[in-house]
Amino acid sequence: MREVLAQAAFQLFLERGFERTTVDDIVARAGVGRRSFFRYFPSKEDAVFPDHERCLAEMTEFLAAADDGDPVGAVSDAARIVLRMYAANPEFSVQRYRLTREVPGLRTYELSVVRRYEQTLAGHLRSRFGADGDGALRAEVIAASVVAAHNNGLRLWLRSGGEGDPEVAVDHALALVREVWGRPDVPAAPAAPAAPAAPEASGVPAASLAVSGGGDGDGEVVVMVARKGTPMWRVVQQIESAVGEN
């Protein structure tokens, strides 16, 4: 029934548009009552992503049984569970990707789903690195890196219309994450004390920006680099300037 409802909902979203489709329309197409719909899906948005709950449960189970010796490898392999879910039905995945790009509410919902995956990965890493201090920070950063790498490769495949093997790009991106974070920690040498310098004294601007295309092709990413001690007004000024120009 869950699959029947999801299929009916998605067909209507493609035919009429997401906003113009009601729950009553969906249950009429599926031939069931409203109660049946809400038994499986709390909202219309949930019907667009019917497979993520199962995938999240599978990821959690996988991590619980993972080898403690390679936590970065474990979370990278866990991310591939999500990839296989998308690759199992390329046509649906591509259509959902296009629909999500058109409906702001679905994009917001998708971000919340991605965040749940990230939190699951980070929770596993905290259990290995520690839940305090640098252990917690390392867990959050690695989890975010794995999710970003996975999504970068996945979206390349989705934007291509589902052509080719999605694992190629995702494996390449995750390999970069493992190369950086899979190495043993090396204590940093203590920095030599230095006298305070004026923001522009070294030739490095007090605040600078880099603007590049967004990972999903739908916008741009603004990266701010500021010297320590840069006045907040200067940082805000640079961001406003970049946003206004782009």
# chains A, B, ... in the order shown; residues from 1 in each chain; ligands from 1

$ residues_around --residues "Ala28 (chain A)" --least-positions-apart "4" --cutoff "12 Å" --atoms "only C-alpha atoms" --output "list of chain:residue names"
A:Val4, A:Leu5, A:Ala8, A:Ala9, A:Leu12, A:Thr21, A:Thr22, A:Val23, A:Asp24, A:Val32, A:Gly33, A:Arg34, A:Ser36, A:Phe37

$ write_last_selection --atoms "C-alpha atoms" --output "CSV table (one decimal), in the first residue's frame"
chain,number,residue,atom,x,y,z
A,4,VAL,CA,0.9,2.2,-4.3
A,5,LEU,CA,0.3,5.5,-2.6
A,8,ALA,CA,0.0,7.6,-7.3
A,9,ALA,CA,1.2,10.7,-5.5
A,12,LEU,CA,0.0,13.4,-9.9
A,21,THR,CA,-2.1,18.1,-6.0
A,22,THR,CA,-4.1,17.4,-2.8
A,23,VAL,CA,-4.1,14.4,-0.5
A,24,ASP,CA,-7.7,13.8,-1.7
A,32,VAL,CA,-8.1,4.2,-0.9
A,33,GLY,CA,-9.3,6.5,1.9
A,34,ARG,CA,-7.5,9.5,3.5
A,36,SER,CA,-4.8,5.0,4.6
A,37,PHE,CA,-2.6,7.8,3.3

$ atom_distance --atom1 "CA of Asn89 (chain A)" --atom2 "CA of Gly162 (chain A)"
9.4 Å

$ closest_atom_pairs --of "region 3-119 of chain A" --to "region 129-143 of chain A" --cutoff "12 Å" --atoms "only C-alpha atoms" --output "tab-separated table"
residue	atom	partner	partner_atom	distance
A:Asp68	CA	A:Phe129	CA	10.5
A:Gly69	CA	A:Phe129	CA	11.6
A:Asp70	CA	A:Phe129	CA	11.4
A:Pro71	CA	A:Phe129	CA	9.0
A:Val72	CA	A:Ile142	CA	7.6
A:Gly73	CA	A:Ile142	CA	10.8
A:Ala74	CA	A:Ala143	CA	11.0
A:Val75	CA	A:Ala143	CA	7.5
A:Ser76	CA	A:Ala143	CA	8.9
A:Ala78	CA	A:Ala143	CA	10.8
A:Ala79	CA	A:Ala143	CA	9.8
A:Val114	CA	A:Ala143	CA	11.1
A:Arg115	CA	A:Ala143	CA	10.0
A:Arg116	CA	A:Ala143	CA	11.0
A:Tyr117	CA	A:Ala143	CA	8.9
A:Glu118	CA	A:Ala143	CA	5.7
A:Gln119	CA	A:Ala143	CA	7.6

$ write_last_selection --atoms "N, CA and C atoms" --output "mmCIF file, in the first residue's frame"
data_model
loop_
_atom_site.group_PDB
_atom_site.id
_atom_site.type_symbol
_atom_site.label_atom_id
_atom_site.label_comp_id
_atom_site.auth_asym_id
_atom_site.auth_seq_id
_atom_site.Cartn_x
_atom_site.Cartn_y
_atom_site.Cartn_z
ATOM 1 N N ASP A 68 35.369 -1.536 14.115
ATOM 2 C CA ASP A 68 35.863 -0.327 14.776
ATOM 3 C C ASP A 68 37.201 0.152 14.213
ATOM 4 N N GLY A 69 37.880 -0.690 13.452
ATOM 5 C CA GLY A 69 39.225 -0.345 13.015
ATOM 6 C C GLY A 69 39.302 0.741 11.966
ATOM 7 N N ASP A 70 38.235 0.970 11.224
ATOM 8 C CA ASP A 70 38.270 1.957 10.142
ATOM 9 C C ASP A 70 36.961 2.743 10.149
ATOM 10 N N PRO A 71 36.799 3.660 11.098
ATOM 11 C CA PRO A 71 35.521 4.384 11.191
ATOM 12 C C PRO A 71 35.225 5.250 9.975
ATOM 13 N N VAL A 72 36.250 5.854 9.365
ATOM 14 C CA VAL A 72 36.025 6.683 8.178
ATOM 15 C C VAL A 72 35.579 5.809 7.013
ATOM 16 N N GLY A 73 36.187 4.658 6.880
ATOM 17 C CA GLY A 73 35.759 3.724 5.841
ATOM 18 C C GLY A 73 34.342 3.237 6.069
ATOM 19 N N ALA A 74 33.974 3.045 7.341
ATOM 20 C CA ALA A 74 32.628 2.558 7.655
ATOM 21 C C ALA A 74 31.566 3.569 7.255
ATOM 22 N N VAL A 75 31.779 4.842 7.578
ATOM 23 C CA VAL A 75 30.760 5.839 7.229
ATOM 24 C C VAL A 75 30.738 6.094 5.723
ATOM 25 N N SER A 76 31.884 5.916 5.064
ATOM 26 C CA SER A 76 31.899 6.046 3.601
ATOM 27 C C SER A 76 31.093 4.926 2.966
ATOM 28 N N ALA A 78 28.697 3.326 4.436
ATOM 29 C CA ALA A 78 27.297 3.553 4.800
ATOM 30 C C ALA A 78 26.638 4.530 3.832
ATOM 31 N N ALA A 79 27.381 5.532 3.378
ATOM 32 C CA ALA A 79 26.833 6.495 2.415
ATOM 33 C C ALA A 79 26.475 5.814 1.101
ATOM 34 N N VAL A 114 18.708 14.876 4.384
ATOM 35 C CA VAL A 114 20.165 14.787 4.303
ATOM 36 C C VAL A 114 20.786 14.999 5.679
ATOM 37 N N ARG A 115 20.234 15.939 6.431
ATOM 38 C CA ARG A 115 20.757 16.208 7.774
ATOM 39 C C ARG A 115 20.612 14.992 8.671
ATOM 40 N N ARG A 116 19.538 14.236 8.518
ATOM 41 C CA ARG A 116 19.364 13.032 9.337
ATOM 42 C C ARG A 116 20.418 11.985 9.004
ATOM 43 N N TYR A 117 20.750 11.839 7.732
ATOM 44 C CA TYR A 117 21.841 10.941 7.366
ATOM 45 C C TYR A 117 23.149 11.407 8.001
ATOM 46 N N GLU A 118 23.408 12.703 7.895
ATOM 47 C CA GLU A 118 24.651 13.254 8.438
ATOM 48 C C GLU A 118 24.739 13.030 9.947
ATOM 49 N N GLN A 119 23.628 13.225 10.647
ATOM 50 C CA GLN A 119 23.624 13.025 12.089
ATOM 51 C C GLN A 119 23.872 11.564 12.448
#

$ residues_around --residues "Phe92 (chain A)" --least-positions-apart "6" --cutoff "10 Å" --atoms "only C-alpha atoms" --output "number ranges by chain"
A: 7, 10, 86, 98, 162

$ write_last_selection --atoms "N, CA and C atoms" --output "CSV table (one decimal), in the first residue's frame"
chain,number,residue,atom,x,y,z
A,7,GLN,N,3.4,5.9,-5.5
A,7,GLN,CA,3.4,5.9,-7.0
A,7,GLN,C,2.3,6.8,-7.5
A,10,PHE,N,3.2,10.5,-6.9
A,10,PHE,CA,4.3,11.0,-7.7
A,10,PHE,C,3.7,11.3,-9.2
A,86,TYR,N,19.2,5.1,-4.7
A,86,TYR,CA,18.9,6.0,-5.9
A,86,TYR,C,19.1,5.2,-7.2
A,98,ARG,N,14.4,16.3,-10.4
A,98,ARG,CA,13.9,17.5,-11.2
A,98,ARG,C,12.7,18.1,-10.5
A,162,GLY,N,20.7,10.2,-15.3
A,162,GLY,CA,20.8,8.8,-14.8
A,162,GLY,C,21.7,7.9,-15.7

$ residues_around --residues "Gly105 (chain A)" --least-positions-apart "5" --cutoff "9 Å" --atoms "only C-alpha atoms" --output "list of chain:residue names"
A:Glu45, A:Thr100, A:Glu110

$ write_last_selection --atoms "N, CA and C atoms" --output "PDB file, in the first residue's frame"
ATOM      1  N   GLU A  45       4.916  15.803   1.314  1.00  0.00           N
ATOM      2  CA  GLU A  45       6.364  15.780   1.124  1.00  0.00           C
ATOM      3  C   GLU A  45       6.953  14.397   1.386  1.00  0.00           C
ATOM      4  N   THR A 100      12.136  18.090  -7.258  1.00  0.00           N
ATOM      5  CA  THR A 100      12.651  18.741  -6.053  1.00  0.00           C
ATOM      6  C   THR A 100      13.303  20.077  -6.379  1.00  0.00           C
ATOM      7  N   GLU A 110      14.117  17.950   1.622  1.00  0.00           N
ATOM      8  CA  GLU A 110      15.263  17.115   1.266  1.00  0.00           C
ATOM      9  C   GLU A 110      16.466  17.439   2.140  1.00  0.00           C
TER      10      GLU A 110
END
